[in-house]
file work-v4.pdb (PDB, C-alpha atoms and all ligand atoms)
ATOM      1  CA  MET A 170      17.351  -4.417 -42.808  1.00  0.00           C
ATOM      2  CA  THR A 171      18.270  -4.328 -39.103  1.00  0.00           C
ATOM      3  CA  THR A 172      17.552  -7.406 -37.004  1.00  0.00           C
ATOM      4  CA  GLN A 173      15.432  -6.799 -33.939  1.00  0.00           C
ATOM      5  CA  ILE A 174      17.142  -7.393 -30.606  1.00  0.00           C
ATOM      6  CA  ARG A 175      15.318 -10.104 -28.698  1.00  0.00           C
ATOM      7  CA  CYS A 176      15.066  -9.408 -25.006  1.00  0.00           C
ATOM      8  CA  LEU A 177      13.889 -11.922 -22.400  1.00  0.00           C
ATOM      9  CA  ILE A 178      12.728 -10.542 -19.051  1.00  0.00           C
ATOM     10  CA  SER A 179      11.364 -12.316 -15.988  1.00  0.00           C
ATOM     11  CA  ALA A 180       9.202 -10.493 -13.463  1.00  0.00           C
ATOM     12  CA  GLY A 181       7.143 -10.940 -10.334  1.00  0.00           C
ATOM     13  CA  PRO A 182       7.092 -13.590  -7.641  1.00  0.00           C
ATOM     14  CA  THR A 183       6.658 -17.331  -7.952  1.00  0.00           C
ATOM     15  CA  ARG A 184       4.125 -19.399  -6.032  1.00  0.00           C
ATOM     16  CA  GLU A 185       5.034 -22.725  -4.539  1.00  0.00           C
ATOM     17  CA  TRP A 186       1.823 -24.523  -3.645  1.00  0.00           C
ATOM     18  CA  ILE A 187       1.367 -26.431  -0.403  1.00  0.00           C
ATOM     19  CA  ASP A 188      -2.223 -27.463  -1.162  1.00  0.00           C
ATOM     20  CA  PRO A 189      -5.004 -25.948  -3.328  1.00  0.00           C
ATOM     21  CA  VAL A 190      -5.483 -23.003  -0.926  1.00  0.00           C
ATOM     22  CA  ARG A 191      -1.979 -22.229   0.346  1.00  0.00           C
ATOM     23  CA  PHE A 192       1.357 -21.319  -1.172  1.00  0.00           C
ATOM     24  CA  ILE A 193       4.816 -19.946  -0.347  1.00  0.00           C
ATOM     25  CA  SER A 194       5.636 -16.693  -2.111  1.00  0.00           C
ATOM     26  CA  ASN A 195       7.055 -13.197  -1.601  1.00  0.00           C
ATOM     27  CA  PRO A 196       5.781  -9.615  -1.941  1.00  0.00           C
ATOM     28  CA  SER A 197       7.265  -8.898  -5.387  1.00  0.00           C
ATOM     29  CA  SER A 198       4.815  -6.744  -7.375  1.00  0.00           C
ATOM     30  CA  GLY A 199       6.492  -7.291 -10.761  1.00  0.00           C
ATOM     31  CA  LYS A 200       6.676  -3.508 -11.284  1.00  0.00           C
ATOM     32  CA  MET A 201      10.427  -3.413 -11.960  1.00  0.00           C
ATOM     33  CA  GLY A 202      10.342  -6.227 -14.532  1.00  0.00           C
ATOM     34  CA  TYR A 203       7.268  -4.766 -16.242  1.00  0.00           C
ATOM     35  CA  ALA A 204       8.909  -1.320 -16.392  1.00  0.00           C
ATOM     36  CA  LEU A 205      11.959  -2.922 -18.017  1.00  0.00           C
ATOM     37  CA  ALA A 206       9.728  -4.719 -20.529  1.00  0.00           C
ATOM     38  CA  GLU A 207       7.905  -1.488 -21.374  1.00  0.00           C
ATOM     39  CA  GLU A 208      11.162   0.385 -21.849  1.00  0.00           C
ATOM     40  CA  ALA A 209      12.615  -2.418 -23.980  1.00  0.00           C
ATOM     41  CA  VAL A 210       9.503  -2.373 -26.220  1.00  0.00           C
ATOM     42  CA  SER A 211       9.825   1.383 -26.604  1.00  0.00           C
ATOM     43  CA  ARG A 212      13.434   0.896 -27.768  1.00  0.00           C
ATOM     44  CA  GLY A 213      12.235  -1.386 -30.550  1.00  0.00           C
ATOM     45  CA  PHE A 214      13.310  -4.679 -28.935  1.00  0.00           C
ATOM     46  CA  GLU A 215      11.310  -7.845 -29.419  1.00  0.00           C
ATOM     47  CA  VAL A 216      10.291  -8.505 -25.811  1.00  0.00           C
ATOM     48  CA  TYR A 217       9.355 -11.764 -24.106  1.00  0.00           C
ATOM     49  CA  LEU A 218       8.108 -11.250 -20.557  1.00  0.00           C
ATOM     50  CA  VAL A 219       7.944 -14.330 -18.350  1.00  0.00           C
ATOM     51  CA  SER A 220       5.733 -13.254 -15.516  1.00  0.00           C
ATOM     52  CA  GLY A 221       4.803 -14.727 -12.169  1.00  0.00           C
ATOM     53  CA  PRO A 222       1.366 -13.872 -10.765  1.00  0.00           C
ATOM     54  CA  VAL A 223       1.006 -10.065 -10.599  1.00  0.00           C
ATOM     55  CA  SER A 224      -1.873  -7.637 -10.994  1.00  0.00           C
ATOM     56  CA  LEU A 225      -0.279  -5.441 -13.669  1.00  0.00           C
ATOM     57  CA  GLN A 226      -1.329  -4.672 -17.213  1.00  0.00           C
ATOM     58  CA  PRO A 227       1.296  -6.159 -19.532  1.00  0.00           C
ATOM     59  CA  PRO A 228       3.071  -3.632 -21.755  1.00  0.00           C
ATOM     60  CA  THR A 229       1.566  -3.450 -25.237  1.00  0.00           C
ATOM     61  CA  GLY A 230       3.854  -5.102 -27.722  1.00  0.00           C
ATOM     62  CA  ALA A 231       5.468  -7.566 -25.305  1.00  0.00           C
ATOM     63  CA  GLU A 232       4.830 -11.282 -25.600  1.00  0.00           C
ATOM     64  CA  VAL A 233       3.748 -12.347 -22.102  1.00  0.00           C
ATOM     65  CA  ILE A 234       4.228 -15.883 -20.815  1.00  0.00           C
ATOM     66  CA  LYS A 235       2.413 -16.398 -17.518  1.00  0.00           C
ATOM     67  CA  VAL A 236       3.874 -18.842 -15.025  1.00  0.00           C
ATOM     68  CA  GLU A 237       3.324 -19.654 -11.367  1.00  0.00           C
ATOM     69  CA  SER A 238       6.036 -21.821  -9.882  1.00  0.00           C
ATOM     70  CA  ALA A 239       9.814 -21.516 -10.074  1.00  0.00           C
ATOM     71  CA  GLN A 240       9.852 -24.731 -12.091  1.00  0.00           C
ATOM     72  CA  GLU A 241       7.430 -23.246 -14.646  1.00  0.00           C
ATOM     73  CA  MET A 242       9.500 -20.064 -14.768  1.00  0.00           C
ATOM     74  CA  GLN A 243      12.632 -22.089 -15.386  1.00  0.00           C
ATOM     75  CA  GLU A 244      10.947 -24.035 -18.210  1.00  0.00           C
ATOM     76  CA  ALA A 245       9.786 -20.844 -19.936  1.00  0.00           C
ATOM     77  CA  MET A 246      13.150 -19.120 -19.524  1.00  0.00           C
ATOM     78  CA  PHE A 247      15.019 -22.132 -20.898  1.00  0.00           C
ATOM     79  CA  ARG A 248      12.690 -22.345 -23.894  1.00  0.00           C
ATOM     80  CA  LEU A 249      13.281 -18.701 -24.834  1.00  0.00           C
ATOM     81  CA  PHE A 250      16.876 -18.234 -23.699  1.00  0.00           C
ATOM     82  CA  ASP A 251      18.748 -19.303 -26.812  1.00  0.00           C
ATOM     83  CA  GLN A 252      17.140 -16.744 -29.103  1.00  0.00           C
ATOM     84  CA  ALA A 253      17.572 -13.851 -26.663  1.00  0.00           C
ATOM     85  CA  SER A 254      20.479 -11.420 -26.867  1.00  0.00           C
ATOM     86  CA  LEU A 255      19.605  -9.658 -23.637  1.00  0.00           C
ATOM     87  CA  VAL A 256      18.261 -11.566 -20.617  1.00  0.00           C
ATOM     88  CA  ILE A 257      17.113  -9.732 -17.502  1.00  0.00           C
ATOM     89  CA  MET A 258      16.128 -11.823 -14.507  1.00  0.00           C
ATOM     90  CA  ALA A 259      14.067  -9.410 -12.416  1.00  0.00           C
ATOM     91  CA  ALA A 260      11.764 -12.071 -10.946  1.00  0.00           C
ATOM     92  CA  ALA A 261      11.798 -12.870  -7.243  1.00  0.00           C
ATOM     93  CA  VAL A 262      12.068 -16.630  -7.565  1.00  0.00           C
ATOM     94  CA  SER A 263      11.226 -18.735  -4.509  1.00  0.00           C
ATOM     95  CA  ASP A 264      14.356 -20.535  -3.429  1.00  0.00           C
ATOM     96  CA  HIS A 265      12.353 -23.442  -2.005  1.00  0.00           C
ATOM     97  CA  ARG A 266       9.132 -25.341  -2.602  1.00  0.00           C
ATOM     98  CA  PRO A 267       7.257 -27.810  -0.420  1.00  0.00           C
ATOM     99  CA  SER A 268       8.516 -31.345  -1.001  1.00  0.00           C
ATOM    100  CA  HIS A 269       4.913 -32.378  -1.527  1.00  0.00           C
ATOM    101  CA  CYS A 270       1.832 -30.527  -2.766  1.00  0.00           C
ATOM    102  CA  SER A 271      -1.408 -31.990  -1.423  1.00  0.00           C
ATOM    103  CA  ARG A 272      -4.198 -32.439  -3.984  1.00  0.00           C
ATOM    104  CA  GLN A 273      -6.804 -31.724  -1.318  1.00  0.00           C
ATOM    105  CA  LYS A 274      -6.984 -28.866   1.147  1.00  0.00           C
ATOM    106  CA  ILE A 275      -5.145 -29.911   4.289  1.00  0.00           C
ATOM    107  CA  LYS A 276      -7.539 -29.524   7.222  1.00  0.00           C
ATOM    108  CA  LYS A 277      -6.118 -27.320   9.945  1.00  0.00           C
ATOM    109  CA  SER A 278      -6.241 -30.191  12.416  1.00  0.00           C
ATOM    110  CA  ASP A 279      -3.941 -32.145  10.082  1.00  0.00           C
ATOM    111  CA  PHE A 280      -1.651 -29.255   9.140  1.00  0.00           C
ATOM    112  CA  PRO A 281       1.940 -30.066  10.143  1.00  0.00           C
ATOM    113  CA  ASN A 282       3.898 -27.814  12.503  1.00  0.00           C
ATOM    114  CA  SER A 283       6.760 -27.772  10.067  1.00  0.00           C
ATOM    115  CA  LEU A 284       6.903 -28.122   6.307  1.00  0.00           C
ATOM    116  CA  GLU A 285       9.510 -30.080   4.457  1.00  0.00           C
ATOM    117  CA  LEU A 286      11.011 -27.901   1.728  1.00  0.00           C
ATOM    118  CA  VAL A 287      13.237 -28.759  -1.197  1.00  0.00           C
ATOM    119  CA  PRO A 288      15.450 -26.255  -3.032  1.00  0.00           C
ATOM    120  CA  ASN A 289      14.413 -24.869  -6.401  1.00  0.00           C
ATOM    121  CA  ASN A 290      17.041 -24.581  -9.092  1.00  0.00           C
ATOM    122  CA  ASP A 291      18.752 -21.253  -9.441  1.00  0.00           C
ATOM    123  CA  VAL A 292      17.206 -20.278 -12.775  1.00  0.00           C
ATOM    124  CA  VAL A 293      19.625 -17.557 -13.836  1.00  0.00           C
ATOM    125  CA  ALA A 294      22.704 -19.539 -12.757  1.00  0.00           C
ATOM    126  CA  SER A 295      21.481 -22.535 -14.779  1.00  0.00           C
ATOM    127  CA  LEU A 296      20.846 -20.320 -17.802  1.00  0.00           C
ATOM    128  CA  VAL A 297      24.323 -18.833 -17.641  1.00  0.00           C
ATOM    129  CA  GLY A 298      25.778 -22.356 -17.833  1.00  0.00           C
ATOM    130  CA  GLY A 299      24.411 -22.650 -21.376  1.00  0.00           C
ATOM    131  CA  ARG A 300      25.072 -19.125 -22.599  1.00  0.00           C
ATOM    132  CA  ARG A 301      26.356 -18.418 -26.064  1.00  0.00           C
ATOM    133  CA  PRO A 302      28.788 -15.635 -27.020  1.00  0.00           C
ATOM    134  CA  GLY A 303      27.175 -12.237 -27.385  1.00  0.00           C
ATOM    135  CA  GLN A 304      24.440 -12.748 -24.806  1.00  0.00           C
ATOM    136  CA  THR A 305      24.195 -10.207 -21.998  1.00  0.00           C
ATOM    137  CA  ILE A 306      22.751 -11.533 -18.755  1.00  0.00           C
ATOM    138  CA  VAL A 307      21.525  -9.251 -15.995  1.00  0.00           C
ATOM    139  CA  GLY A 308      20.343 -10.277 -12.542  1.00  0.00           C
ATOM    140  CA  PHE A 309      18.848  -8.465  -9.602  1.00  0.00           C
ATOM    141  CA  ALA A 310      19.977  -8.719  -5.999  1.00  0.00           C
ATOM    142  CA  ALA A 311      17.301  -8.168  -3.364  1.00  0.00           C
ATOM    143  CA  GLU A 312      19.077  -7.417  -0.103  1.00  0.00           C
ATOM    144  CA  THR A 313      18.260  -6.107   3.356  1.00  0.00           C
ATOM    145  CA  GLU A 314      21.873  -5.632   4.536  1.00  0.00           C
ATOM    146  CA  ASN A 315      25.411  -5.349   3.120  1.00  0.00           C
ATOM    147  CA  LEU A 316      23.857  -4.464  -0.229  1.00  0.00           C
ATOM    148  CA  LEU A 317      26.910  -4.037  -2.428  1.00  0.00           C
ATOM    149  CA  GLU A 318      28.942  -6.825  -0.874  1.00  0.00           C
ATOM    150  CA  HIS A 319      26.115  -9.365  -1.223  1.00  0.00           C
ATOM    151  CA  ALA A 320      25.269  -8.160  -4.721  1.00  0.00           C
ATOM    152  CA  ARG A 321      28.861  -8.498  -5.918  1.00  0.00           C
ATOM    153  CA  GLN A 322      29.064 -12.003  -4.453  1.00  0.00           C
ATOM    154  CA  LYS A 323      25.920 -12.931  -6.423  1.00  0.00           C
ATOM    155  CA  LEU A 324      27.237 -11.357  -9.622  1.00  0.00           C
ATOM    156  CA  GLU A 325      30.375 -13.477  -9.328  1.00  0.00           C
ATOM    157  CA  ALA A 326      28.770 -16.699  -8.080  1.00  0.00           C
ATOM    158  CA  LYS A 327      26.156 -16.646 -10.852  1.00  0.00           C
ATOM    159  CA  ASP A 328      28.655 -15.372 -13.464  1.00  0.00           C
ATOM    160  CA  LEU A 329      26.386 -12.520 -14.585  1.00  0.00           C
ATOM    161  CA  ASP A 330      27.392  -9.547 -16.739  1.00  0.00           C
ATOM    162  CA  TRP A 331      25.485  -7.097 -14.569  1.00  0.00           C
ATOM    163  CA  ILE A 332      23.556  -7.117 -11.332  1.00  0.00           C
ATOM    164  CA  ALA A 333      21.101  -4.482 -10.144  1.00  0.00           C
ATOM    165  CA  ALA A 334      21.414  -4.275  -6.380  1.00  0.00           C
ATOM    166  CA  ASN A 335      18.344  -3.082  -4.565  1.00  0.00           C
ATOM    167  CA  ASP A 336      17.599  -2.626  -0.921  1.00  0.00           C
ATOM    168  CA  VAL A 337      14.258  -4.249  -0.164  1.00  0.00           C
ATOM    169  CA  SER A 338      14.230  -3.454   3.539  1.00  0.00           C
ATOM    170  CA  SER A 339      12.432  -0.118   3.204  1.00  0.00           C
ATOM    171  CA  ASP A 340       8.814   0.671   2.260  1.00  0.00           C
ATOM    172  CA  GLU A 341      10.115   3.766   0.423  1.00  0.00           C
ATOM    173  CA  HIS A 342      11.354   1.648  -2.471  1.00  0.00           C
ATOM    174  CA  GLY A 343      11.669  -2.007  -3.335  1.00  0.00           C
ATOM    175  CA  PHE A 344       9.129  -4.769  -3.809  1.00  0.00           C
ATOM    176  CA  GLN A 345       5.729  -3.041  -3.767  1.00  0.00           C
ATOM    177  CA  SER A 346       6.754   0.546  -4.371  1.00  0.00           C
ATOM    178  CA  ASP A 347       6.691   2.512  -7.635  1.00  0.00           C
ATOM    179  CA  PHE A 348      10.219   3.616  -6.748  1.00  0.00           C
ATOM    180  CA  ASN A 349      13.499   1.812  -6.520  1.00  0.00           C
ATOM    181  CA  ASP A 350      16.977   2.646  -5.302  1.00  0.00           C
ATOM    182  CA  VAL A 351      19.411   0.686  -7.415  1.00  0.00           C
ATOM    183  CA  THR A 352      23.152   0.375  -7.766  1.00  0.00           C
ATOM    184  CA  LEU A 353      24.319  -1.340 -10.907  1.00  0.00           C
ATOM    185  CA  LEU A 354      27.416  -3.524 -10.661  1.00  0.00           C
ATOM    186  CA  SER A 355      29.253  -4.932 -13.650  1.00  0.00           C
ATOM    187  CA  LYS A 356      31.472  -7.932 -14.198  1.00  0.00           C
ATOM    188  CA  SER A 357      34.260  -5.483 -15.017  1.00  0.00           C
ATOM    189  CA  GLU A 358      33.984  -4.101 -11.459  1.00  0.00           C
ATOM    190  CA  GLU A 359      32.095  -0.899 -12.192  1.00  0.00           C
ATOM    191  CA  THR A 360      29.793   0.333  -9.412  1.00  0.00           C
ATOM    192  CA  ILE A 361      27.154   2.715 -10.735  1.00  0.00           C
ATOM    193  CA  PRO A 362      24.662   4.236  -8.306  1.00  0.00           C
ATOM    194  CA  LEU A 363      21.444   4.994 -10.207  1.00  0.00           C
ATOM    195  CA  GLY A 364      19.839   6.676  -7.221  1.00  0.00           C
ATOM    196  CA  ARG A 365      16.249   6.572  -6.010  1.00  0.00           C
ATOM    197  CA  LYS A 366      13.908   7.004  -8.949  1.00  0.00           C
ATOM    198  CA  SER A 367      10.636   5.719 -10.340  1.00  0.00           C
ATOM    199  CA  LYS A 368      10.886   2.180 -11.630  1.00  0.00           C
ATOM    200  CA  SER A 369      10.339   3.510 -15.188  1.00  0.00           C
ATOM    201  CA  GLU A 370      13.327   5.822 -14.832  1.00  0.00           C
ATOM    202  CA  ILE A 371      15.423   3.057 -13.270  1.00  0.00           C
ATOM    203  CA  ALA A 372      14.470   0.789 -16.188  1.00  0.00           C
ATOM    204  CA  LYS A 373      15.709   3.412 -18.686  1.00  0.00           C
ATOM    205  CA  LYS A 374      19.009   3.779 -16.833  1.00  0.00           C
ATOM    206  CA  ILE A 375      19.545   0.031 -16.582  1.00  0.00           C
ATOM    207  CA  LEU A 376      18.972  -0.429 -20.327  1.00  0.00           C
ATOM    208  CA  ASP A 377      21.235   2.536 -21.132  1.00  0.00           C
ATOM    209  CA  TYR A 378      24.090   0.729 -19.372  1.00  0.00           C
ATOM    210  CA  VAL A 379      23.497  -2.925 -20.150  1.00  0.00           C
ATOM    211  CA  TRP A 380      22.558  -2.431 -23.814  1.00  0.00           C
ATOM    212  CA  PRO A 381      24.115   0.914 -24.849  1.00  0.00           C
TER     213      PRO A 381
HETATM  214  N1  LIG B 401      17.260 -16.246  -8.964  1.00  0.00           N
HETATM  215  C1  LIG B 401      16.996 -17.284  -9.821  1.00  0.00           C
HETATM  216  N2  LIG B 401      16.552 -18.484  -9.321  1.00  0.00           N
HETATM  217  C2  LIG B 401      16.407 -18.647  -7.993  1.00  0.00           C
HETATM  218  C3  LIG B 401      16.693 -17.585  -7.098  1.00  0.00           C
HETATM  219  C4  LIG B 401      17.119 -16.381  -7.634  1.00  0.00           C
HETATM  220  O1  LIG B 401      17.133 -17.128 -11.041  1.00  0.00           O
HETATM  221  N3  LIG B 401      15.983 -19.829  -7.529  1.00  0.00           N
HETATM  222  C5  LIG B 401      17.757 -14.973  -9.536  1.00  0.00           C
HETATM  223  C6  LIG B 401      16.874 -13.769  -9.284  1.00  0.00           C
HETATM  224  O2  LIG B 401      15.907 -13.611 -10.310  1.00  0.00           O
HETATM  225  C7  LIG B 401      17.886 -12.631  -9.289  1.00  0.00           C
HETATM  226  C8  LIG B 401      19.153 -13.282  -8.715  1.00  0.00           C
HETATM  227  O3  LIG B 401      18.995 -14.689  -8.932  1.00  0.00           O
HETATM  228  O4  LIG B 401      18.180 -12.180 -10.588  1.00  0.00           O
HETATM  229  C9  LIG B 401      19.367 -13.014  -7.242  1.00  0.00           C
HETATM  230  O5  LIG B 401      18.197 -13.375  -6.538  1.00  0.00           O
HETATM  231  P1  LIG B 401      18.064 -13.075  -4.983  1.00  0.00           P
HETATM  232  O6  LIG B 401      16.702 -13.523  -4.551  1.00  0.00           O
HETATM  233  O7  LIG B 401      18.499 -11.673  -4.683  1.00  0.00           O
HETATM  234  O8  LIG B 401      19.185 -13.995  -4.342  1.00  0.00           O
HETATM  235  P2  LIG B 401      19.350 -15.542  -4.127  1.00  0.00           P
HETATM  236  O9  LIG B 401      20.217 -16.074  -5.223  1.00  0.00           O
HETATM  237  O10 LIG B 401      18.015 -16.196  -3.959  1.00  0.00           O
HETATM  238  O11 LIG B 401      20.196 -15.588  -2.787  1.00  0.00           O
HETATM  239  P3  LIG B 401      19.760 -15.180  -1.267  1.00  0.00           P
HETATM  240  O12 LIG B 401      18.321 -15.656  -1.115  1.00  0.00           O
HETATM  241  O13 LIG B 401      20.721 -15.965  -0.433  1.00  0.00           O
HETATM  242  O14 LIG B 401      19.924 -13.706  -1.138  1.00  0.00           O
END

call {"tool": "encode", "arguments": {"input": "work-v4.pdb", "output": "structure tokens"}}
result
Amino acid sequence: MTTQIRCLISAGPTREWIDPVRFISNPSSGKMGYALAEEAVSRGFEVYLVSGPVSLQPPTGAEVIKVESAQEMQEAMFRLFDQASLVIMAAAVSDHRPSHCSRQKIKKSDFPNSLELVPNNDVVASLVGGRRPGQTIVGFAAETENLLEHARQKLEAKDLDWIAANDVSSDEHGFQSDFNDVTLLSKSEETIPLGRKSKSEIAKKILDYVWP
């Protein structure tokens, strides 16, 4: 009997609430993470998809864990991390949250001109700290300039096995689009341009390399 590979994928944005009607977030659609989850299911992996708020239909066969904030995403990822052989952090996690979330709507006359923010933990970097042998950990780098240089710095700083570098400055691919233009970088210094393709095709290519 072959054991099923357990794959843990994060997708989508996080929301960091200011009050009950306002939050800090980003335009991530979740499409890349969902495409990866769908592809992983089709390869027979046992898939756990930790998803920020998105308007996508979850892939049939994946176990979906819905979260909102970076802190909730971190909790879910930590809970599932140990059992996963392959971890792909495709979510666009908010780096900061308001230092305080008001229970009541802040009236515009009382709304401050500046918000005090506190940093969120770096989820993938914290996960890597507790990795066990045999786990493969893949991150994404969303960049608007110096794509490969910034991506390689992140790969090294976060001690990842792979990073998928994508340029999010263009409407032609990136956050909201069905297409992506990705270069895959490995710990062992490979640089593999995957080209501009649909997110489903990019997902296939990424899995071909990171879990051959
Ligand atoms: N990430 C994370 N936790 C965070 C921020 C990012 O786990 N608080 C992960 C993302 O899911 C991605 C990788 O780290 O896999 C890189 O995220 P990115 O937003 O490109 O970069 P940052 O680390 O946030 O750095 P910067 O904002 O300076 O580009």

call {"tool": "resolve_selection", "arguments": {"input": "work-v4.pdb", "expression": "the PyMOL selection byres (((not hetatm)) within 10 of (chain B and resi 401))", "output": "ChimeraX atom specification"}}
result
/A:178-183,239-240,242-243,246,257-265,288-297,306-313,319-320,322-324,326-327,329,331-337

call {"tool": "atom_distance", "arguments": {"input": "work-v4.pdb", "atom1": "atom CA of A:Thr360", "atom2": "atom CA of A:Glu325"}}
result
13.8 Å

call {"tool": "closest_residue", "arguments": {"input": "work-v4.pdb", "among": "A:Pro228, A:Pro362, A:Gly298, A:Pro381", "to": "A:Gly202", "atoms": "only C-alpha atoms"}}
result
A:Pro228

call {"tool": "atom_distance", "arguments": {"input": "work-v4.pdb", "atom1": "atom CA of A:Lys368", "atom2": "atom CA of A:Asp330"}}
result
20.9 Å

call {"tool": "resolve_selection", "arguments": {"input": "work-v4.pdb", "expression": "the PyMOL selection byres (((chain A and resi 348) around 7) and not hetatm)", "output": "PyMOL selection string"}}
result
chain A and resi 342-343+346-347+349-350+365-368

call {"tool": "resolve_selection", "arguments": {"input": "work-v4.pdb", "expression": "the PyMOL selection byres (((chain A and resi 186) around 10) and not hetatm)", "output": "list of chain:residue names"}}
result
A:Thr183, A:Arg184, A:Glu185, A:Ile187, A:Asp188, A:Pro189, A:Val190, A:Arg191, A:Phe192, A:Ile193, A:Ser194, A:Glu237, A:Ser238, A:Arg266, A:Pro267, A:Ser268, A:His269, A:Cys270, A:Ser271, A:Arg272

call {"tool": "closest_residue", "arguments": {"input": "work-v4.pdb", "among": "A:Glu358, A:Leu225, A:Lys274, A:Pro302", "to": "A:Arg321", "atoms": "all atoms listed in the file"}}
result
A:Glu358

call {"tool": "atom_distance", "arguments": {"input": "work-v4.pdb", "atom1": "atom CA of A:Ser338", "atom2": "atom CA of A:Leu255"}}
result
28.4 Å

call {"tool": "closest_residue", "arguments": {"input": "work-v4.pdb", "among": "A:Leu353, A:Gly299, A:Ser283, A:Leu218", "to": "A:Leu376", "atoms": "all atoms listed in the file"}}
result
A:Leu353

call {"tool": "closest_residue", "arguments": {"input": "work-v4.pdb", "among": "A:Glu285, A:Glu370, A:Asp377, A:Glu244", "to": "A:Ala204", "atoms": "all atoms listed in the file"}}
result
A:Glu370

call {"tool": "residues_around", "arguments": {"input": "work-v4.pdb", "residues": "A:Gly230", "least_positions_apart": "2", "cutoff": "9 Å", "atoms": "all atoms listed in the file", "output": "list in words"}}
result
Glu207, Val210, Ser211, Glu215, Val216, Pro227, Pro228 and Glu232 of chain A

call {"tool": "decode", "arguments": {"input": "work-v4.pdb", "residues": "stretch 331-345 of chain A", "atoms": "N, CA and C atoms", "output": "compact mmCIF listing (two decimals), in the first residue's frame"}}
result
# COMPACT_ATOMS: atom_id res chain seq x y z
N TRP A 331 12.26 26.13 -2.31
CA TRP A 331 11.95 26.74 -3.61
C TRP A 331 11.21 28.05 -3.38
N ILE A 332 11.35 28.95 -4.35
CA ILE A 332 10.48 30.13 -4.33
C ILE A 332 10.01 30.40 -5.76
N ALA A 333 8.74 30.70 -5.88
CA ALA A 333 8.16 31.03 -7.18
C ALA A 333 8.07 32.55 -7.26
N ALA A 334 8.91 33.12 -8.12
CA ALA A 334 8.97 34.57 -8.22
C ALA A 334 7.95 35.05 -9.24
N ASN A 335 7.07 35.93 -8.83
CA ASN A 335 6.15 36.48 -9.82
C ASN A 335 6.04 37.99 -9.74
N ASP A 336 5.97 38.56 -10.94
CA ASP A 336 5.90 40.00 -11.08
C ASP A 336 4.43 40.41 -10.95
N VAL A 337 4.14 41.18 -9.92
CA VAL A 337 2.73 41.55 -9.70
C VAL A 337 2.44 42.99 -10.13
N SER A 338 3.37 43.55 -10.92
CA SER A 338 3.19 44.95 -11.30
C SER A 338 2.30 45.12 -12.53
N SER A 339 2.03 44.01 -13.25
CA SER A 339 1.29 44.14 -14.49
C SER A 339 -0.11 43.52 -14.35
N ASP A 340 -1.08 44.11 -15.08
CA ASP A 340 -2.44 43.55 -15.08
C ASP A 340 -2.51 42.27 -15.92
N GLU A 341 -1.50 42.05 -16.75
CA GLU A 341 -1.47 40.91 -17.68
C GLU A 341 -1.31 39.57 -16.97
N HIS A 342 -0.75 39.63 -15.77
CA HIS A 342 -0.59 38.42 -14.96
C HIS A 342 -0.51 38.88 -13.51
N GLY A 343 -0.42 37.94 -12.60
CA GLY A 343 -0.32 38.35 -11.20
C GLY A 343 -1.63 38.23 -10.46
N PHE A 344 -1.79 39.03 -9.42
CA PHE A 344 -2.84 38.85 -8.42
C PHE A 344 -4.23 38.44 -8.91
N GLN A 345 -4.83 39.24 -9.78
CA GLN A 345 -6.24 38.98 -10.14
C GLN A 345 -6.38 38.12 -11.40
